[in-house]
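S.K.: Provided herewith: target_24.txt, compact mmCIF, C-alpha atoms.
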```
# COMPACT_ATOMS: atom_id res chain seq x y z
CA MET A 13 0.00 0.00 0.00
CA THR A 14 1.40 3.38 -1.00
CA TYR A 15 1.81 6.52 1.10
CA GLN A 16 -1.20 8.23 -0.46
CA GLU A 17 -3.48 5.24 0.17
CA LYS A 18 -2.36 4.99 3.78
CA LYS A 19 -2.85 8.73 4.19
CA SER A 20 -6.41 8.50 2.83
CA ILE A 21 -7.24 5.73 5.31
CA VAL A 22 -5.73 7.70 8.20
CA SER A 23 -7.66 10.78 7.11
CA LEU A 24 -10.89 8.76 6.96
CA ILE A 25 -10.41 7.21 10.40
CA SER A 26 -9.37 10.52 11.96
CA ALA A 27 -12.40 12.32 10.46
CA ILE A 28 -14.75 9.72 11.99
CA PHE A 29 -12.89 9.73 15.32
CA ILE A 30 -12.82 13.54 15.60
CA PHE A 31 -16.49 13.92 14.71
CA ILE A 32 -17.75 11.22 17.08
CA SER A 33 -15.51 12.43 19.93
CA PHE A 34 -16.61 16.01 19.47
CA CYS A 35 -20.31 15.05 19.33
CA LEU A 36 -19.95 12.98 22.51
CA TYR A 37 -18.23 15.93 24.18
CA MET A 38 -20.83 18.48 23.07
CA TYR A 39 -23.97 16.38 23.65
CA PRO A 40 -24.15 16.95 27.45
CA HIS A 41 -23.72 20.71 26.89
CA TYR A 42 -26.96 21.02 24.94
CA PRO A 43 -28.86 23.93 26.51
CA GLU A 44 -32.18 23.40 28.22
CA GLY A 45 -35.11 25.49 27.19
CA GLY A 46 -37.19 25.90 24.07
CA LEU A 47 -36.05 24.48 20.77
CA ASP A 48 -35.90 27.90 19.19
CA SER A 49 -34.40 29.82 22.09
CA SER A 50 -31.49 32.12 21.33
CA GLU A 51 -29.30 29.98 23.60
CA THR A 52 -29.89 26.99 21.31
CA PHE A 53 -28.86 28.97 18.24
CA ARG A 54 -25.75 30.09 20.10
CA TYR A 55 -25.04 26.44 20.91
CA TRP A 56 -25.22 25.37 17.27
CA GLY A 57 -23.11 28.30 16.14
CA PHE A 58 -20.51 27.41 18.75
CA PHE A 59 -20.74 23.74 17.75
CA ILE A 60 -20.01 24.40 14.07
CA LEU A 61 -17.25 26.96 14.71
CA ILE A 62 -15.41 24.88 17.29
CA LEU A 63 -15.85 21.67 15.27
CA THR A 64 -14.22 23.41 12.28
CA VAL A 65 -11.26 24.62 14.36
CA VAL A 66 -10.86 21.30 16.20
CA SER A 67 -11.03 19.35 12.91
CA ILE A 68 -8.34 21.47 11.27
CA VAL A 69 -5.98 21.31 14.25
CA ALA A 70 -6.57 17.58 14.82
CA HIS A 71 -6.04 16.78 11.13
CA ILE A 72 -2.73 18.68 11.13
CA VAL A 73 -1.55 16.94 14.31
CA ILE A 74 -2.62 13.49 13.05
CA SER A 75 -0.95 14.16 9.70
CA ILE A 76 2.35 15.06 11.41
CA ILE A 77 2.17 11.95 13.63
CA PHE A 78 1.35 9.81 10.58
CA ASN A 79 4.34 11.17 8.64
CA ILE A 80 6.67 10.46 11.56
CA LEU A 81 5.32 6.92 11.93
CA PHE A 82 5.53 6.39 8.15
CA ARG A 83 9.20 7.40 8.14
CA ILE A 84 10.01 5.17 11.10
CA THR A 85 8.15 2.07 9.86
CA THR A 86 9.00 2.19 6.15
CA ARG A 87 12.31 4.13 6.31
CA GLU A 88 11.03 6.06 3.31
CA LYS A 89 10.49 9.78 3.00
CA GLU A 90 6.96 10.92 2.27
CA PRO A 91 6.46 12.68 -1.11
CA THR A 92 7.21 16.37 -0.68
CA PHE A 93 5.12 17.53 -3.62
CA ALA A 94 1.84 16.77 -5.36
CA ASP A 95 2.17 15.74 -9.01
CA GLU A 96 -0.51 15.78 -11.71
CA LEU A 97 -2.10 12.51 -10.57
CA ASP A 98 -2.34 13.76 -6.98
CA LYS A 99 -3.88 17.03 -8.17
CA LEU A 100 -6.39 15.24 -10.40
CA ILE A 101 -7.41 12.88 -7.60
CA ASP A 102 -7.66 15.82 -5.18
CA LEU A 103 -9.88 17.63 -7.65
CA LYS A 104 -12.19 14.66 -8.15
CA ALA A 105 -12.38 13.93 -4.43
CA HIS A 106 -13.24 17.57 -3.74
CA ARG A 107 -15.90 17.46 -6.45
CA ASN A 108 -17.57 14.41 -4.86
CA SER A 109 -17.25 15.89 -1.40
CA PHE A 110 -18.65 19.25 -2.49
CA PHE A 111 -21.54 17.58 -4.28
CA ILE A 112 -22.53 15.66 -1.15
CA PHE A 113 -22.37 18.81 0.94
CA ILE A 114 -24.54 20.72 -1.53
CA ILE A 115 -27.15 17.93 -1.42
CA GLY A 116 -27.08 18.19 2.38
CA PHE A 117 -27.43 21.95 2.16
CA VAL A 118 -30.47 21.65 -0.11
CA ILE A 119 -32.05 19.07 2.22
CA ALA A 120 -31.34 21.37 5.19
CA MET A 121 -33.10 24.24 3.44
CA GLY A 122 -35.93 21.86 2.52
CA SER A 123 -36.30 20.86 6.17
CA LEU A 124 -36.68 24.51 7.11
CA PHE A 125 -39.34 24.90 4.47
CA ILE A 126 -41.30 21.77 5.44
CA GLU A 127 -40.72 21.28 9.16
CA GLN A 128 -40.16 24.86 10.27
CA TRP A 129 -37.82 23.37 12.84
CA SER A 130 -34.45 25.08 12.88
CA GLN A 131 -32.66 22.38 14.89
CA MET A 132 -33.12 19.91 12.06
CA MET A 133 -31.39 22.31 9.66
CA PHE A 134 -28.28 22.49 11.85
CA ILE A 135 -28.20 18.73 12.36
CA ILE A 136 -28.49 18.08 8.61
CA LEU A 137 -25.83 20.70 7.82
CA ILE A 138 -23.38 19.22 10.32
CA ALA A 139 -24.14 15.65 9.19
CA SER A 140 -23.69 16.56 5.53
CA GLY A 141 -20.38 18.25 6.37
CA PHE A 142 -19.22 15.08 8.08
CA ILE A 143 -20.47 12.78 5.31
CA SER A 144 -18.86 14.97 2.65
CA ASP A 145 -15.54 14.74 4.52
CA VAL A 146 -15.85 10.94 4.64
CA VAL A 147 -16.83 10.79 0.96
CA GLY A 148 -13.80 12.94 0.10
CA SER A 149 -11.42 10.56 1.88
CA LEU A 150 -13.13 7.47 0.44
CA SER A 151 -12.99 8.97 -3.07
CA LYS A 152 -9.25 9.58 -2.72
CA LEU A 153 -8.71 6.02 -1.57
CA TYR A 154 -10.85 4.67 -4.42
CA TYR A 155 -9.10 6.73 -7.12
CA TYR A 156 -5.63 5.85 -5.83
CA ARG A 157 -6.49 2.15 -5.86
CA LYS A 158 -8.60 1.91 -9.02
CA GLY A 159 -7.10 4.75 -11.04
CA VAL A 160 -8.58 7.79 -12.73
CA MET B 4 -27.35 27.19 -9.76
CA TRP B 5 -28.02 23.63 -8.57
CA LEU B 6 -28.78 22.51 -12.10
CA ALA B 7 -25.51 24.04 -13.30
CA LEU B 8 -23.66 22.27 -10.54
CA TYR B 9 -25.27 18.94 -11.36
CA LEU B 10 -24.56 19.33 -15.09
CA SER B 11 -20.93 20.22 -14.40
CA TYR B 12 -20.67 17.15 -12.16
CA ILE B 13 -22.01 14.89 -14.89
CA THR B 14 -19.89 16.54 -17.61
CA ILE B 15 -16.64 16.33 -15.64
CA GLY B 16 -17.39 12.68 -14.94
CA LYS B 17 -17.98 11.91 -18.60
CA VAL B 18 -14.97 13.86 -19.85
CA SER B 19 -12.69 12.19 -17.34
CA ASN B 20 -13.92 8.75 -18.43
CA MET B 21 -13.54 9.50 -22.14
CA GLY B 22 -9.92 8.45 -22.50
CA LYS B 23 -9.89 5.79 -19.83
CA ASN B 24 -7.51 2.91 -20.47
CA LEU B 25 -6.89 3.99 -24.05
CA VAL B 26 -3.32 5.18 -23.59
CA GLY B 27 -1.05 2.21 -23.05
CA ASN B 28 2.67 2.15 -22.37
CA HIS B 29 5.74 -0.07 -22.26
CA ILE B 30 7.20 1.52 -19.13
CA ARG B 31 7.68 -1.70 -17.19
CA LYS B 32 9.54 -3.35 -20.08
CA LEU B 33 11.61 -0.25 -20.76
CA ARG B 34 12.62 0.07 -17.11
CA PHE B 35 13.82 -3.51 -17.22
CA ASN B 36 15.81 -2.83 -20.40
CA HIS B 37 17.38 0.27 -18.86
CA ASP B 38 19.53 -1.53 -16.26
CA GLU B 39 16.47 -2.50 -14.24
CA MET B 40 15.69 1.07 -13.40
CA THR B 41 13.53 1.30 -10.27
CA GLN B 42 10.14 3.00 -10.23
CA GLN B 43 11.55 5.62 -7.85
CA GLN B 44 14.46 6.38 -10.20
CA LEU B 45 12.08 6.87 -13.11
CA ALA B 46 9.77 8.95 -10.94
CA ASP B 47 12.68 11.21 -9.94
CA LYS B 48 13.73 11.62 -13.58
CA ALA B 49 10.18 12.40 -14.71
CA GLY B 50 9.44 14.68 -11.75
CA VAL B 51 6.49 12.69 -10.36
CA THR B 52 5.86 10.47 -7.36
CA ARG B 53 6.40 6.70 -7.44
CA GLN B 54 2.64 6.28 -7.05
CA THR B 55 2.13 7.84 -10.48
CA ILE B 56 4.59 5.43 -12.12
CA VAL B 57 2.77 2.53 -10.41
CA ALA B 58 -0.58 3.81 -11.72
CA LEU B 59 0.85 4.23 -15.24
CA GLU B 60 2.29 0.71 -15.30
CA LYS B 61 -1.01 -0.74 -14.11
CA GLY B 62 -2.83 1.19 -16.84
CA ASN B 63 -4.88 3.04 -14.25
CA TYR B 64 -3.88 6.48 -15.44
CA SER B 65 -3.41 8.20 -18.79
CA PRO B 66 -0.64 10.78 -18.37
CA SER B 67 -0.69 14.35 -19.61
CA LEU B 68 1.21 15.06 -22.80
CA GLU B 69 3.90 16.85 -20.81
CA LEU B 70 4.45 13.89 -18.48
CA ALA B 71 4.46 11.48 -21.43
CA PHE B 72 7.26 13.54 -23.01
CA ARG B 73 9.20 13.67 -19.75
CA ILE B 74 9.03 9.88 -19.37
CA SER B 75 10.10 9.40 -22.98
CA LEU B 76 13.04 11.73 -22.37
CA ALA B 77 13.98 9.72 -19.28
CA PHE B 78 14.33 6.66 -21.56
CA ASN B 79 15.89 8.67 -24.41
CA LEU B 80 13.22 7.34 -26.73
CA PRO B 81 10.60 8.94 -28.96
CA LEU B 82 7.11 9.23 -27.50
CA GLU B 83 5.55 6.55 -29.70
CA GLU B 84 8.04 3.93 -28.51
CA VAL B 85 6.95 4.42 -24.92
CA PHE B 86 3.24 5.15 -25.32
CA PHE B 87 0.61 3.96 -27.73
CA TYR B 88 -3.03 4.72 -28.29
CA GLY B 89 -5.49 1.85 -28.53
CA ASP B 90 -6.87 -1.11 -26.71
CA THR B 91 -4.76 -1.84 -23.64
CA THR B 92 -6.72 -4.89 -22.48
CA ASN B 93 -4.20 -7.40 -23.83
CA LEU B 94 -1.29 -5.46 -22.36
CA LYS B 95 -2.91 -5.49 -18.92
CA LYS B 96 -3.35 -9.26 -19.05
CA GLN B 97 0.38 -9.82 -19.71
```
Translate this structure into structure tokens?

M.R.:
Amino acid sequence: MTYQEKKSIVSLISAIFIFISFCLYMYPHYPEGGLDSSETFRYWGFFILILTVVSIVAHIVISIIFNILFRITTREKEPTFADELDKLIDLKAHRNSFFIFIIGFVIAMGSLFIEQWSQMMFIILIASGFISDVVGSLSKLYYYRKGV
Amino acid sequence: MWLALYLSYITIGKVSNMGKNLVGNHIRKLRFNHDEMTQQQLADKAGVTRQTIVALEKGNYSPSLELAFRISLAFNLPLEEVFFYGDTTNLKKQ
């Protein structure tokens, strides 16, 4: 298995781990009160902002740890640049990821229109962000294994 | 906007599949004939990662014209002696 394939798997596992851990951490902090209270909106805003920051930082840290472990275990240096195949795969993975997120966004807006329940919109948006991240990593793994 | 996005998604998918597996190559054989050159050595000469050479040899990727020329230069051969256009099914089976 090549460096890029291993990196895609690590990215996939870390995305799932970060999201589940963060959700488990945030779940007990859900504010009491009405579903549409301003405190609840503040909670969701905080949730999305902090999840974004935590994801970025955790991905960077995990990537550094992975590179160190890769060097130790394989005694090879990781590629220092992205060539045309890497860029093409990145582009396709982003396309798939973006498409999933847009579908989630449309469903979230649809839920507002039908249900009139704002909580559902936030949950769908967050879930679609997570699924799009997973789809992005899976796409990379697929394209590296099966070709483009 | 959504329709445009969907159409672009479909179009990119079709365009990217258009030339799939139609550009074959003799890279593996040529590496062997060039003092058993390693994939990493060829990758360094062509300015790509080893993963790309692996994908090319497996027939999983059709290179850009620029990369095709760089690989040909690495072997000191004309382009058509390294790459060919056509059915690569038989080559993959070998």

S.K.: Could you jot down the atom CA of Phe113 of chain A to atom CA of Ile135 of chain A separation for me, Å, one decimal place?

M.R.: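 Between these atoms lies a distance of 12.8 Å.
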
S.K.: Please find the residues of chain A near chain B - the criterion being any atom within 10 Å, counting only C-alpha atoms - and write them as a list in words.

M.R.: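 So the residues of chain A near chain B are Met13, Thr14, Tyr15, Gln16, Glu17, Glu90, Pro91, Thr92, Phe93, Ala94, Asp95, Glu96, Leu97, Asp98, Leu100, Lys104, Arg107, Asn108, Phe110, Phe111, Ile114, Ile115, Val118, Tyr155, Tyr156, Arg157, Lys158, Gly159 and Val160 of chain A.
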
S.K.: Would you list the residues near (15.5, 13.6, -13.8) (no more than 10 Å away, in the coordinates of the file, using all atoms listed in the file) as JSON, numbers by chain?

M.R.: {"B": [44, 45, 46, 47, 48, 49, 50, 51, 73, 74, 76, 77]}

S.K.: Give me, as a list in words, all polymer residues having an atom no more than 10 Å from Phe31 of chain A, counting only C-alpha atoms and skipping those fewer than 5 positions away in the same chain.

M.R.: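 What passes the distance filter is Ser26, Leu36, Tyr37, Leu63, Val66, Ser67, Ile138, Ala139 and Phe142 of chain A.
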
S.K.: Figure out the distance between atom CA of Tyr42 of chain A and atom CA of Trp56 of chain A, please, to one decimal in Å.

M.R.: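 Distance reported for this atom pair: 9.0 Å.
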
S.K.: Taking into account only C-alpha atoms, which residue in the set A:Arg54, A:His71, A:Arg87, A:Lys152 is nearest to Ala105 of chain A?

M.R.: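 Of A:Arg54, A:His71, A:Arg87, A:Lys152, the one nearest Ala105 of chain A, counting only C-alpha atoms, is A:Lys152.
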
S.K.: Which protein, DNA or RNA residues are at most 9 Å from (-1.5, 10.6, 5.7) in the file's coordinates when you count only C-alpha atoms, listed as a ChimeraX atom specification?

M.R.: /A:15-23,74-79,82
